[in-house]
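Q: Coordinates in data-v7.txt, compact mmCIF, C-alpha atoms and all ligand atoms, are listed below.
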# COMPACT_ATOMS: atom_id res chain seq x y z
CA MET A 1 35.50 -35.01 24.04
CA ALA A 2 34.34 -31.88 22.26
CA GLU A 3 35.56 -28.94 24.24
CA ILE A 4 35.39 -25.66 22.28
CA ARG A 5 38.20 -23.20 22.87
CA ILE A 6 37.97 -19.66 21.62
CA ASP A 7 41.36 -18.04 22.02
CA LYS A 8 41.96 -14.29 21.48
CA VAL A 9 39.50 -14.26 18.60
CA SER A 10 38.92 -11.00 16.80
CA LYS A 11 36.59 -10.19 13.94
CA SER A 12 36.25 -7.32 11.51
CA TYR A 13 33.88 -7.13 8.58
CA GLY A 14 35.80 -5.49 5.72
CA LYS A 15 37.19 -2.08 6.57
CA GLU A 16 34.64 -1.41 9.32
CA LYS A 17 35.73 -0.90 12.93
CA ALA A 18 36.55 -4.24 14.58
CA LEU A 19 33.42 -5.97 15.89
CA MET A 20 35.37 -8.21 18.30
CA GLN A 21 38.80 -7.98 19.81
CA GLY A 22 40.49 -10.73 21.79
CA ILE A 23 37.48 -12.87 22.79
CA ASP A 24 38.41 -15.75 25.12
CA LEU A 25 35.93 -18.47 26.03
CA THR A 26 36.17 -22.17 26.79
CA ILE A 27 33.06 -24.32 26.51
CA MET A 28 33.48 -27.65 28.26
CA ASP A 29 32.64 -31.02 26.77
CA GLY A 30 28.92 -31.71 27.16
CA GLU A 31 28.17 -28.26 28.49
CA PHE A 32 25.10 -26.20 27.48
CA VAL A 33 26.26 -22.60 27.08
CA VAL A 34 23.90 -19.77 26.17
CA ILE A 35 25.19 -16.60 24.56
CA LEU A 36 22.96 -13.71 25.53
CA GLY A 37 23.02 -10.12 24.37
CA PRO A 38 21.07 -7.44 22.53
CA SER A 39 20.68 -7.25 18.76
CA GLY A 40 23.90 -6.51 16.90
CA CYS A 41 26.32 -7.41 19.74
CA GLY A 42 27.92 -10.21 17.70
CA LYS A 43 26.20 -13.38 18.93
CA SER A 44 25.54 -14.87 15.50
CA THR A 45 28.99 -13.87 14.30
CA LEU A 46 30.62 -15.77 17.17
CA LEU A 47 28.47 -18.84 16.50
CA ARG A 48 29.14 -18.72 12.77
CA MET A 49 32.88 -18.51 13.42
CA ILE A 50 32.66 -21.71 15.50
CA ALA A 51 30.68 -23.38 12.71
CA GLY A 52 33.14 -22.20 10.06
CA LEU A 53 30.53 -20.18 8.17
CA GLU A 54 32.50 -17.01 8.92
CA ALA A 55 36.31 -16.68 9.07
CA VAL A 56 38.04 -15.30 12.17
CA THR A 57 40.15 -12.18 11.61
CA GLY A 58 42.60 -13.18 14.36
CA GLY A 59 43.07 -15.81 17.08
CA THR A 60 42.18 -19.48 17.06
CA ILE A 61 39.14 -21.69 17.53
CA SER A 62 39.70 -25.31 18.59
CA ILE A 63 37.17 -28.10 18.80
CA ALA A 64 38.09 -31.29 20.66
CA GLY A 65 41.72 -30.20 20.88
CA GLN A 66 42.10 -29.50 17.16
CA VAL A 67 42.53 -26.00 15.72
CA VAL A 68 39.70 -25.67 13.18
CA ASN A 69 40.50 -22.24 11.70
CA ASP A 70 41.31 -23.77 8.31
CA LEU A 71 38.69 -26.54 8.33
CA GLU A 72 35.55 -26.42 6.20
CA PRO A 73 32.22 -26.30 8.10
CA ARG A 74 31.46 -29.94 7.29
CA GLU A 75 34.83 -31.04 8.68
CA ARG A 76 34.19 -29.48 12.10
CA GLY A 77 31.60 -31.94 13.45
CA CYS A 78 29.09 -29.20 14.29
CA ALA A 79 25.38 -29.19 13.45
CA MET A 80 23.64 -25.84 13.34
CA VAL A 81 19.94 -25.04 13.87
CA PHE A 82 18.82 -21.67 12.55
CA GLN A 83 15.93 -19.36 13.33
CA ASN A 84 14.34 -19.92 9.91
CA TYR A 85 14.96 -23.73 10.04
CA ALA A 86 16.23 -23.72 6.40
CA LEU A 87 14.28 -26.86 5.43
CA TYR A 88 14.11 -28.09 1.81
CA PRO A 89 10.50 -27.37 0.80
CA HIS A 90 10.32 -29.99 -1.96
CA MET A 91 11.50 -32.85 0.25
CA THR A 92 9.41 -34.80 2.74
CA VAL A 93 10.14 -34.64 6.46
CA ALA A 94 11.94 -37.99 6.25
CA GLU A 95 14.05 -36.80 3.31
CA ASN A 96 14.88 -33.56 5.09
CA ILE A 97 15.98 -35.38 8.22
CA GLY A 98 18.00 -37.94 6.27
CA TYR A 99 19.56 -35.52 3.79
CA ALA A 100 22.96 -35.21 5.50
CA LEU A 101 23.19 -38.99 5.78
CA ARG A 102 22.43 -39.35 2.07
CA VAL A 103 25.17 -36.84 1.23
CA ALA A 104 27.52 -38.81 3.48
CA ARG A 105 26.53 -41.95 1.48
CA VAL A 106 25.11 -43.84 4.43
CA ALA A 107 23.37 -46.98 3.12
CA LYS A 108 19.61 -46.66 2.66
CA ALA A 109 18.57 -49.22 5.28
CA GLU A 110 20.72 -47.65 7.98
CA ARG A 111 19.60 -44.19 6.92
CA MET A 112 15.93 -45.09 7.23
CA ALA A 113 16.48 -46.72 10.60
CA ARG A 114 18.28 -43.67 11.98
CA VAL A 115 15.70 -41.25 10.58
CA ALA A 116 12.88 -43.30 12.12
CA MET A 117 14.58 -43.36 15.50
CA VAL A 118 15.34 -39.64 15.63
CA ALA A 119 11.87 -38.76 14.31
CA GLY A 120 10.39 -40.85 17.11
CA SER A 121 12.50 -39.08 19.72
CA VAL A 122 11.18 -35.63 18.71
CA GLY A 123 7.58 -36.76 18.09
CA LEU A 124 7.56 -36.60 14.29
CA THR A 125 6.81 -40.23 13.38
CA GLU A 126 3.33 -39.49 12.00
CA PHE A 127 4.59 -36.59 9.85
CA LEU A 128 7.44 -38.31 7.98
CA ASP A 129 5.67 -38.22 4.59
CA ARG A 130 4.56 -34.58 4.76
CA LYS A 131 6.32 -31.63 3.15
CA PRO A 132 7.48 -28.71 5.36
CA GLY A 133 4.66 -26.55 3.92
CA GLN A 134 2.14 -28.90 5.54
CA LEU A 135 3.58 -28.50 9.05
CA SER A 136 3.06 -26.01 11.87
CA GLY A 137 5.91 -23.79 13.03
CA GLY A 138 6.65 -26.01 16.01
CA GLN A 139 6.69 -29.15 13.85
CA ARG A 140 9.10 -27.50 11.39
CA GLN A 141 11.30 -26.58 14.31
CA ARG A 142 11.34 -30.25 15.33
CA VAL A 143 12.37 -31.27 11.81
CA ALA A 144 15.27 -28.81 12.00
CA MET A 145 16.26 -30.32 15.36
CA ALA A 146 15.92 -33.88 14.06
CA ARG A 147 18.03 -33.05 11.03
CA ALA A 148 20.79 -31.84 13.36
CA ILE A 149 20.50 -34.76 15.82
CA VAL A 150 20.59 -37.47 13.14
CA ARG A 151 24.14 -36.51 12.23
CA GLU A 152 25.24 -37.30 15.79
CA PRO A 153 27.34 -34.15 15.94
CA LYS A 154 29.97 -33.45 18.57
CA VAL A 155 28.67 -29.92 18.83
CA PHE A 156 25.21 -28.35 18.48
CA LEU A 157 25.02 -24.69 17.52
CA PHE A 158 21.64 -22.96 17.87
CA ASP A 159 21.01 -19.47 16.50
CA GLU A 160 17.72 -18.24 18.01
CA PRO A 161 15.89 -21.40 16.90
CA LEU A 162 12.72 -20.55 18.83
CA SER A 163 12.18 -16.92 17.81
CA ASN A 164 9.51 -17.72 15.24
CA LEU A 165 7.30 -19.66 17.63
CA ASP A 166 4.45 -18.37 19.75
CA ALA A 167 5.01 -18.00 23.50
CA THR A 168 3.53 -21.36 24.56
CA LEU A 169 5.35 -23.37 21.94
CA ARG A 170 8.57 -21.56 22.71
CA VAL A 171 8.51 -22.70 26.31
CA GLN A 172 7.56 -26.22 25.29
CA MET A 173 10.38 -26.47 22.71
CA ARG A 174 12.79 -24.99 25.23
CA HIS A 175 12.06 -27.95 27.52
CA GLU A 176 12.41 -30.37 24.59
CA ILE A 177 15.81 -28.96 23.66
CA ARG A 178 17.06 -29.23 27.22
CA LYS A 179 15.76 -32.82 27.49
CA ILE A 180 17.42 -33.78 24.22
CA HIS A 181 20.64 -32.24 25.50
CA ASN A 182 20.44 -34.16 28.77
CA ARG A 183 19.97 -37.37 26.80
CA ILE A 184 22.60 -36.85 24.09
CA GLY A 185 25.13 -34.79 26.03
CA ALA A 186 26.68 -33.07 22.98
CA THR A 187 28.39 -29.75 23.64
CA SER A 188 25.79 -27.06 22.88
CA VAL A 189 26.03 -23.35 22.20
CA PHE A 190 22.69 -21.55 22.05
CA VAL A 191 22.31 -17.92 21.00
CA THR A 192 19.33 -15.84 22.10
CA HIS A 193 18.42 -12.32 23.10
CA ASP A 194 15.66 -13.65 25.38
CA GLN A 195 17.07 -13.60 28.90
CA GLN A 196 14.44 -15.92 30.34
CA GLU A 197 15.13 -18.50 27.64
CA GLY A 198 18.85 -18.15 28.39
CA MET A 199 18.42 -18.45 32.15
CA THR A 200 16.32 -21.61 31.94
CA LEU A 201 18.44 -23.44 29.34
CA ALA A 202 22.00 -22.68 30.35
CA ASP A 203 24.56 -24.47 32.44
CA ARG A 204 26.55 -21.28 31.93
CA LEU A 205 25.57 -17.94 30.48
CA VAL A 206 27.81 -15.67 28.42
CA VAL A 207 26.57 -12.08 28.42
CA MET A 208 27.83 -10.09 25.44
CA ASN A 209 27.94 -6.34 24.92
CA LYS A 210 29.09 -4.74 21.64
CA GLY A 211 31.49 -7.49 20.61
CA THR A 212 32.91 -8.12 24.08
CA ILE A 213 32.09 -10.63 26.80
CA GLU A 214 30.81 -8.82 29.92
CA GLN A 215 30.39 -11.83 32.18
CA VAL A 216 30.42 -15.63 32.14
CA GLY A 217 28.76 -17.58 34.92
CA SER A 218 25.93 -19.85 36.01
CA PRO A 219 22.45 -18.28 35.66
CA GLU A 220 22.34 -17.90 39.44
CA GLU A 221 25.73 -16.15 39.62
CA ILE A 222 24.79 -13.77 36.86
CA TYR A 223 21.49 -12.92 38.55
CA GLU A 224 22.83 -12.68 42.11
CA ARG A 225 26.24 -11.14 41.42
CA PRO A 226 26.14 -9.26 38.12
CA ALA A 227 29.60 -7.91 37.25
CA SER A 228 28.34 -4.59 35.93
CA THR A 229 25.29 -2.35 35.61
CA TYR A 230 25.06 -3.58 32.02
CA VAL A 231 24.61 -7.22 33.08
CA ALA A 232 22.43 -6.28 36.06
CA GLY A 233 20.10 -4.26 33.86
CA PHE A 234 19.95 -6.86 31.11
CA ILE A 235 19.17 -9.82 33.37
CA GLY A 236 16.03 -9.95 35.47
CA SER A 237 12.44 -8.98 34.76
CA PRO A 238 11.06 -6.50 35.74
CA ALA A 239 14.37 -4.68 35.32
CA MET A 240 16.57 -3.73 38.27
CA ASN A 241 16.16 -0.24 39.76
CA PHE A 242 19.28 1.92 39.56
CA LEU A 243 19.66 4.87 41.94
CA PRO A 244 22.69 7.14 41.58
CA GLY A 245 24.30 8.38 44.77
CA GLU A 246 27.48 8.88 46.78
CA ILE A 247 28.84 6.89 49.73
CA GLN A 248 29.14 9.02 52.89
CA GLY A 249 29.60 7.79 56.47
CA GLY A 250 28.31 4.26 56.01
CA ALA A 251 25.32 5.15 53.86
CA VAL A 252 24.52 5.96 50.29
CA ILE A 253 23.29 9.53 49.89
CA LEU A 254 20.93 9.42 46.93
CA GLU A 255 20.78 12.29 44.44
CA ASN A 256 17.74 13.77 46.17
CA GLY A 257 19.56 13.80 49.54
CA ILE A 258 17.77 10.73 50.93
CA ARG A 259 20.05 8.58 53.08
CA LEU A 260 20.04 4.81 52.43
CA PRO A 261 21.92 2.96 55.17
CA VAL A 262 24.00 0.07 53.80
CA PRO A 263 26.25 -2.04 56.03
CA GLY A 264 29.86 -2.75 55.10
CA LEU A 265 30.69 0.49 53.33
CA SER A 266 33.75 1.45 55.41
CA GLY A 267 36.62 2.93 53.44
CA LEU A 268 34.43 3.84 50.48
CA ASP A 269 33.49 7.41 51.46
CA GLY A 270 33.32 9.74 48.48
CA THR A 271 32.72 6.95 45.94
CA MET A 272 30.03 7.74 43.38
CA VAL A 273 27.81 4.69 42.95
CA GLN A 274 24.74 3.25 41.34
CA VAL A 275 22.61 1.39 43.86
CA GLY A 276 20.95 -1.63 42.25
CA LEU A 277 17.70 -2.92 43.76
CA ARG A 278 15.76 -5.79 42.20
CA PRO A 279 12.00 -5.10 42.30
CA GLU A 280 11.31 -8.67 43.48
CA ARG A 281 13.68 -8.30 46.44
CA LEU A 282 11.94 -5.22 47.86
CA SER A 283 8.70 -5.07 49.78
CA LEU A 284 6.23 -2.40 50.71
CA THR A 285 5.31 -1.66 54.29
CA GLY A 286 3.01 0.76 56.03
CA PRO A 287 4.00 4.44 56.15
CA GLY A 288 6.86 5.34 58.51
CA ARG A 289 8.31 1.81 58.41
CA GLY A 290 10.98 0.28 56.15
CA GLN A 291 14.29 1.93 55.18
CA ILE A 292 12.85 4.74 53.07
CA SER A 293 9.51 6.44 52.65
CA ALA A 294 7.79 6.68 49.31
CA ARG A 295 4.49 7.52 47.65
CA VAL A 296 2.63 5.21 45.27
CA ASP A 297 2.61 6.57 41.72
CA PHE A 298 0.74 3.77 39.94
CA VAL A 299 0.24 0.01 40.17
CA GLU A 300 0.47 -2.56 37.38
CA GLU A 301 -1.61 -5.70 37.88
CA LEU A 302 0.35 -8.73 36.60
CA GLY A 303 -2.07 -11.45 37.67
CA SER A 304 0.19 -13.43 39.99
CA ALA A 305 1.69 -10.25 41.47
CA ARG A 306 1.54 -6.49 41.22
CA LEU A 307 4.28 -4.12 40.18
CA ALA A 308 4.05 -0.97 42.29
CA HIS A 309 5.75 2.11 40.90
CA VAL A 310 6.59 4.35 43.83
CA LEU A 311 8.32 7.70 44.13
CA VAL A 312 11.01 8.50 46.68
CA GLU A 313 10.51 12.24 46.23
CA ASP A 314 11.48 12.46 42.53
CA ILE A 315 13.18 9.05 42.19
CA ALA A 316 11.04 6.28 40.69
CA ILE A 317 11.41 2.73 42.07
CA SER A 318 9.45 -0.37 41.10
CA VAL A 319 8.55 -2.95 43.73
CA LEU A 320 7.10 -6.37 42.91
CA THR A 321 4.58 -7.34 45.55
CA GLY A 322 2.95 -10.73 45.89
CA ASP A 323 0.87 -9.83 48.94
CA LYS A 324 -2.49 -8.17 48.77
CA LEU A 325 -1.53 -4.99 50.65
CA ALA A 326 -4.18 -2.47 49.61
CA ILE A 327 -2.36 0.29 47.76
CA ALA A 328 -3.60 3.05 45.52
CA PRO A 329 -1.95 5.97 43.76
CA GLY A 330 -1.04 8.72 46.23
CA ASP A 331 -0.71 6.39 49.26
CA GLU A 332 2.23 6.93 51.60
CA VAL A 333 4.25 3.69 52.02
CA GLY A 334 7.60 2.49 53.29
CA ILE A 335 10.07 0.36 51.29
CA ALA A 336 11.70 -2.48 53.21
CA ILE A 337 15.22 -3.05 51.89
CA ALA A 338 17.16 -5.90 53.49
CA PRO A 339 20.92 -5.11 53.56
CA CYS A 340 21.81 -8.17 51.47
CA VAL A 341 19.61 -7.08 48.54
CA VAL A 342 21.54 -3.86 47.96
CA GLN A 343 23.91 -4.19 45.01
CA LEU A 344 26.49 -1.49 44.40
CA PHE A 345 28.17 -0.50 41.17
CA ASP A 346 30.87 2.08 40.55
CA GLY A 347 29.20 5.27 39.30
CA THR A 348 31.90 5.85 36.68
CA THR A 349 32.87 2.40 35.39
CA GLY A 350 29.61 0.58 36.13
CA LYS A 351 31.63 -2.30 37.63
CA ARG A 352 30.36 -4.19 40.66
CA ILE A 353 31.57 -3.16 44.13
CA GLU A 354 31.64 -5.99 46.68
CA THR A 355 30.60 -4.92 50.17
CA ALA A 356 31.16 -6.60 53.51
CA ALA A 357 27.43 -7.43 53.57
CA HIS A 358 27.80 -9.48 50.39
CA ALA A 359 30.85 -11.24 51.79
CA ALA A 360 28.99 -12.10 55.01
CA GLN A 361 26.08 -13.43 52.97
CA GLN A 362 28.47 -15.59 50.91
CA VAL A 363 29.87 -17.18 54.08
CA GLU A 364 26.34 -17.83 55.30
CA THR A 365 25.42 -19.63 52.07
CA VAL A 366 28.60 -21.70 52.12
CA SER A 367 28.41 -22.89 55.75
N1 LIG A 401 28.42 -10.01 6.58
C1 LIG A 401 28.51 -8.88 7.29
N2 LIG A 401 29.12 -7.77 6.79
C2 LIG A 401 29.23 -6.64 7.50
N3 LIG A 401 28.75 -6.49 8.75
C3 LIG A 401 28.14 -7.55 9.31
C4 LIG A 401 27.98 -8.79 8.63
N4 LIG A 401 27.32 -9.65 9.44
C5 LIG A 401 27.09 -8.98 10.58
N5 LIG A 401 27.58 -7.73 10.51
C6 LIG A 401 27.52 -6.70 11.57
O1 LIG A 401 28.15 -7.20 12.74
C7 LIG A 401 27.41 -6.86 13.90
C8 LIG A 401 27.04 -8.11 14.70
O2 LIG A 401 26.16 -8.88 13.93
P1 LIG A 401 25.56 -10.27 14.46
O3 LIG A 401 24.71 -10.81 13.40
O4 LIG A 401 26.66 -11.13 14.96
O5 LIG A 401 24.69 -9.75 15.70
P2 LIG A 401 23.68 -10.54 16.65
O6 LIG A 401 24.15 -10.32 18.04
O7 LIG A 401 23.52 -11.93 16.19
O8 LIG A 401 22.32 -9.72 16.46
P3 LIG A 401 20.78 -10.23 16.34
O9 LIG A 401 20.33 -10.47 17.77
O10 LIG A 401 20.08 -9.08 15.74
O11 LIG A 401 20.75 -11.46 15.52
C9 LIG A 401 26.22 -6.05 13.44
O12 LIG A 401 26.51 -4.69 13.59
C10 LIG A 401 26.09 -6.42 11.98
O13 LIG A 401 25.56 -5.35 11.24
MG MG A 402 21.92 -12.99 15.34
Output the file's structure as structure tokens, nothing else.
A:
Amino acid sequence: MAEIRIDKVSKSYGKEKALMQGIDLTIMDGEFVVILGPSGCGKSTLLRMIAGLEAVTGGTISIAGQVVNDLEPRERGCAMVFQNYALYPHMTVAENIGYALRVARVAKAERMARVAMVAGSVGLTEFLDRKPGQLSGGQRQRVAMARAIVREPKVFLFDEPLSNLDATLRVQMRHEIRKIHNRIGATSVFVTHDQQEGMTLADRLVVMNKGTIEQVGSPEEIYERPASTYVAGFIGSPAMNFLPGEIQGGAVILENGIRLPVPGLSGLDGTMVQVGLRPERLSLTGPGRGQISARVDFVEELGSARLAHVLVEDIAISVLTGDKLAIAPGDEVGIAIAPCVVQLFDGTTGKRIETAAHAAQQVETVS
């Protein structure tokens, strides 16, 4: 069992303002958790504190029930895969993969057998005698993975291991990593700033913002019920539309005076809100239909779909359309907004507001 418990962990670098204060997170045994957040929010720092490469300033980190604060990295049973792979250039692939076993004084015959097996599992058998300089980026990435797997760690820690690969290889390696995880079942923590990578890999996502955790949940929860405008805006592509307004008499009155009817708003009159609308959950209709009228500003062709940028008077909204409705700049259109696609956030705090419509939808999904 290799559950990771992060308990009230804080971190400061020198005299600078604290980067993290009181982080709590439990990663279950065998779980694949992805830490997602923009550059500088503290993802690598958190990972390095688990690995023991960076000391915590306060709080405790436990792995498999044991507090590891005072343990050396090699005593923690974690294997880490970095963005730059950190391979030894003068060693062959086989020597790189087997290095940790050699240090641990594993007998040569066993070492070679384990290296051969792991190399086979990541498709490196034919490259064992090459040096890292003679490999492609994707092959080097596999060596870094193999070097971590061969140690049979309790915990895998990944710090943006796919960032140096081209788009195709990235997706391919993403699948490989998930397959290896499904086979080995070691607890895995994967850091990335790529939301799509995070969504597809994770059992649970942890969304970080400036040294704090904004939300923890399954990819679906985070997408469907983001806890704040920060999470809602960070997750999803194209990005969510945000329209500021005020709740009045069962509708949201947008800044330009347009009335957007939303069910389940009773008792919220006078609340300033941000209405969140995902472009892929809206559709365009002919003029005079739909919940609000708009005019097409411009259209982006995406191949499989088109992203229509429309104006509701002076408010810009993007709508992802799969259908071949003929639209051109200047056209009058309607936007169809189903009640359940409207997300509401407090205009001041940015926190999610649950409406009766959401609750009703929940019940529908459950029954
Ligand atoms: N050794 C250090 N000394 C001082 N400040 C540091 C140190 N390492 C990181 N920081 C600062 O801590 C903050 C978080 O850094 P961290 O590397 O954890 O971010 P990150 O989320 O991994 O970002 P990125 O996506 O760019 O890798 C940054 O502001 C960074 O400048
Ligand atoms: Mg980082």
Q: Could you tell me how far CA of Gly286 in chain A sits from CA of Val333 in chain A, in Å to one decimal place?
A: 5.1 Å
Q: Return as a list in words every polymer residue, whether protein, DNA or RNA, with at least one atom no more than 9 Å from an atom of ligand MG 402 (chain A); count all atoms listed in the file.
A: Ser39, Gly40, Cys41, Gly42, Lys43, Ser44, Thr45, Leu47, Gln83, Asp159, Glu160, Val191, Thr192 and His193 of chain A
Q: Compare A:Ile213, A:Val231, A:Ile27, A:Ala100 by their minimum atom-to-atom distance to ligand LIG 401 (chain A), counting all atoms listed in the file, and give me the closest one.
A: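 Smallest distance to ligand LIG 401 (chain A) is found for A:Ile213.
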Q: Between CA of Leu254 in chain A and CA of Gln274 in chain A, what is the distance, to one decimal in Å?
A: 9.2 Å
Q: CA of Val206 in chain A and CA of Leu36 in chain A are how many Å apart?
A: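 These atoms are spaced 6.0 Å apart.
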Q: Choose the residue, out of A:Pro161, A:Pro226, A:Gly211, A:Gly322, that has the smallest atom-to-atom separation from ligand LIG 401 (chain A); count only C-alpha atoms and all ligand atoms.
A: A:Gly211
Q: Could you give me, as a PyMOL selection string, the residues that sit within 12 Å of (15.0, -17.9, 29.9) in the file's coordinates, counting all atoms listed in the file?
A: chain A and resi 34-36+162+167+170-171+174-175+178+190-203+205+219+223+235-237
Q: Residues of the last selection are to be written out with C-alpha atoms, as an mmCIF file, in the frame of the given file.
A:
data_model
loop_
_atom_site.group_PDB
_atom_site.id
_atom_site.type_symbol
_atom_site.label_atom_id
_atom_site.label_comp_id
_atom_site.auth_asym_id
_atom_site.auth_seq_id
_atom_site.Cartn_x
_atom_site.Cartn_y
_atom_site.Cartn_z
ATOM 1 C CA VAL A 34 23.900 -19.770 26.170
ATOM 2 C CA ILE A 35 25.190 -16.600 24.560
ATOM 3 C CA LEU A 36 22.960 -13.710 25.530
ATOM 4 C CA LEU A 162 12.720 -20.550 18.830
ATOM 5 C CA ALA A 167 5.010 -18.000 23.500
ATOM 6 C CA ARG A 170 8.570 -21.560 22.710
ATOM 7 C CA VAL A 171 8.510 -22.700 26.310
ATOM 8 C CA ARG A 174 12.790 -24.990 25.230
ATOM 9 C CA HIS A 175 12.060 -27.950 27.520
ATOM 10 C CA ARG A 178 17.060 -29.230 27.220
ATOM 11 C CA PHE A 190 22.690 -21.550 22.050
ATOM 12 C CA VAL A 191 22.310 -17.920 21.000
ATOM 13 C CA THR A 192 19.330 -15.840 22.100
ATOM 14 C CA HIS A 193 18.420 -12.320 23.100
ATOM 15 C CA ASP A 194 15.660 -13.650 25.380
ATOM 16 C CA GLN A 195 17.070 -13.600 28.900
ATOM 17 C CA GLN A 196 14.440 -15.920 30.340
ATOM 18 C CA GLU A 197 15.130 -18.500 27.640
ATOM 19 C CA GLY A 198 18.850 -18.150 28.390
ATOM 20 C CA MET A 199 18.420 -18.450 32.150
ATOM 21 C CA THR A 200 16.320 -21.610 31.940
ATOM 22 C CA LEU A 201 18.440 -23.440 29.340
ATOM 23 C CA ALA A 202 22.000 -22.680 30.350
ATOM 24 C CA ASP A 203 24.560 -24.470 32.440
ATOM 25 C CA LEU A 205 25.570 -17.940 30.480
ATOM 26 C CA PRO A 219 22.450 -18.280 35.660
ATOM 27 C CA TYR A 223 21.490 -12.920 38.550
ATOM 28 C CA ILE A 235 19.170 -9.820 33.370
ATOM 29 C CA GLY A 236 16.030 -9.950 35.470
ATOM 30 C CA SER A 237 12.440 -8.980 34.760
#
Q: In terms of the shortest atom-to-atom distance over all atoms listed in the file, which of A:Val143, A:Ala55, A:Ala232, A:Val296 is closest to ligand LIG 401 (chain A)?
A: A:Ala55
Q: Quick one: of A:Lys210, A:Arg142, A:Arg183, A:Lys108, who's nearest to ligand LIG 401 (chain A), counting all atoms listed in the file?
A: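 Selected residue with least distance to ligand LIG 401 (chain A): A:Lys210.
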Q: Kindly indicate which residue among A:Ala294, A:Ile184, A:Leu282, A:Leu53 lies nearest to Glu313 in chain A, using only C-alpha atoms for the distances.
A: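 That would be A:Ala294, the residue with the smallest distance to Glu313 in chain A.
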Q: Using all atoms listed in the file, which of A:Pro287, A:Gly65, A:Gly120, A:Pro38 sits nearest Ala94 in chain A?
A: A:Gly120
Q: Range 337-349 of chain A: which residues within 8 Å, counting only C-alpha atoms, same-chain residues fewer than 2 positions away excluded, as an mmCIF file with C-alpha atoms, in the frame of the given file?
A:
data_model
loop_
_atom_site.group_PDB
_atom_site.id
_atom_site.type_symbol
_atom_site.label_atom_id
_atom_site.label_comp_id
_atom_site.auth_asym_id
_atom_site.auth_seq_id
_atom_site.Cartn_x
_atom_site.Cartn_y
_atom_site.Cartn_z
ATOM 1 C CA SER A 228 28.340 -4.590 35.930
ATOM 2 C CA THR A 229 25.290 -2.350 35.610
ATOM 3 C CA PRO A 244 22.690 7.140 41.580
ATOM 4 C CA GLY A 245 24.300 8.380 44.770
ATOM 5 C CA VAL A 262 24.000 0.070 53.800
ATOM 6 C CA PRO A 263 26.250 -2.040 56.030
ATOM 7 C CA THR A 271 32.720 6.950 45.940
ATOM 8 C CA MET A 272 30.030 7.740 43.380
ATOM 9 C CA VAL A 273 27.810 4.690 42.950
ATOM 10 C CA GLN A 274 24.740 3.250 41.340
ATOM 11 C CA VAL A 275 22.610 1.390 43.860
ATOM 12 C CA GLY A 276 20.950 -1.630 42.250
ATOM 13 C CA LEU A 277 17.700 -2.920 43.760
ATOM 14 C CA ARG A 278 15.760 -5.790 42.200
ATOM 15 C CA ARG A 281 13.680 -8.300 46.440
ATOM 16 C CA LEU A 282 11.940 -5.220 47.860
ATOM 17 C CA SER A 283 8.700 -5.070 49.780
ATOM 18 C CA GLY A 290 10.980 0.280 56.150
ATOM 19 C CA GLN A 291 14.290 1.930 55.180
ATOM 20 C CA ILE A 335 10.070 0.360 51.290
ATOM 21 C CA LYS A 351 31.630 -2.300 37.630
ATOM 22 C CA ARG A 352 30.360 -4.190 40.660
ATOM 23 C CA ILE A 353 31.570 -3.160 44.130
ATOM 24 C CA GLU A 354 31.640 -5.990 46.680
ATOM 25 C CA THR A 355 30.600 -4.920 50.170
ATOM 26 C CA ALA A 357 27.430 -7.430 53.570
ATOM 27 C CA HIS A 358 27.800 -9.480 50.390
ATOM 28 C CA GLN A 361 26.080 -13.430 52.970
#
Q: Could you list, as a ChimeraX atom specification, every residue within 8 Å of range 300-308 of chain A, counting all atoms listed in the file and ignoring same-chain residues fewer than 4 positions away?
A: /A:296,318-323
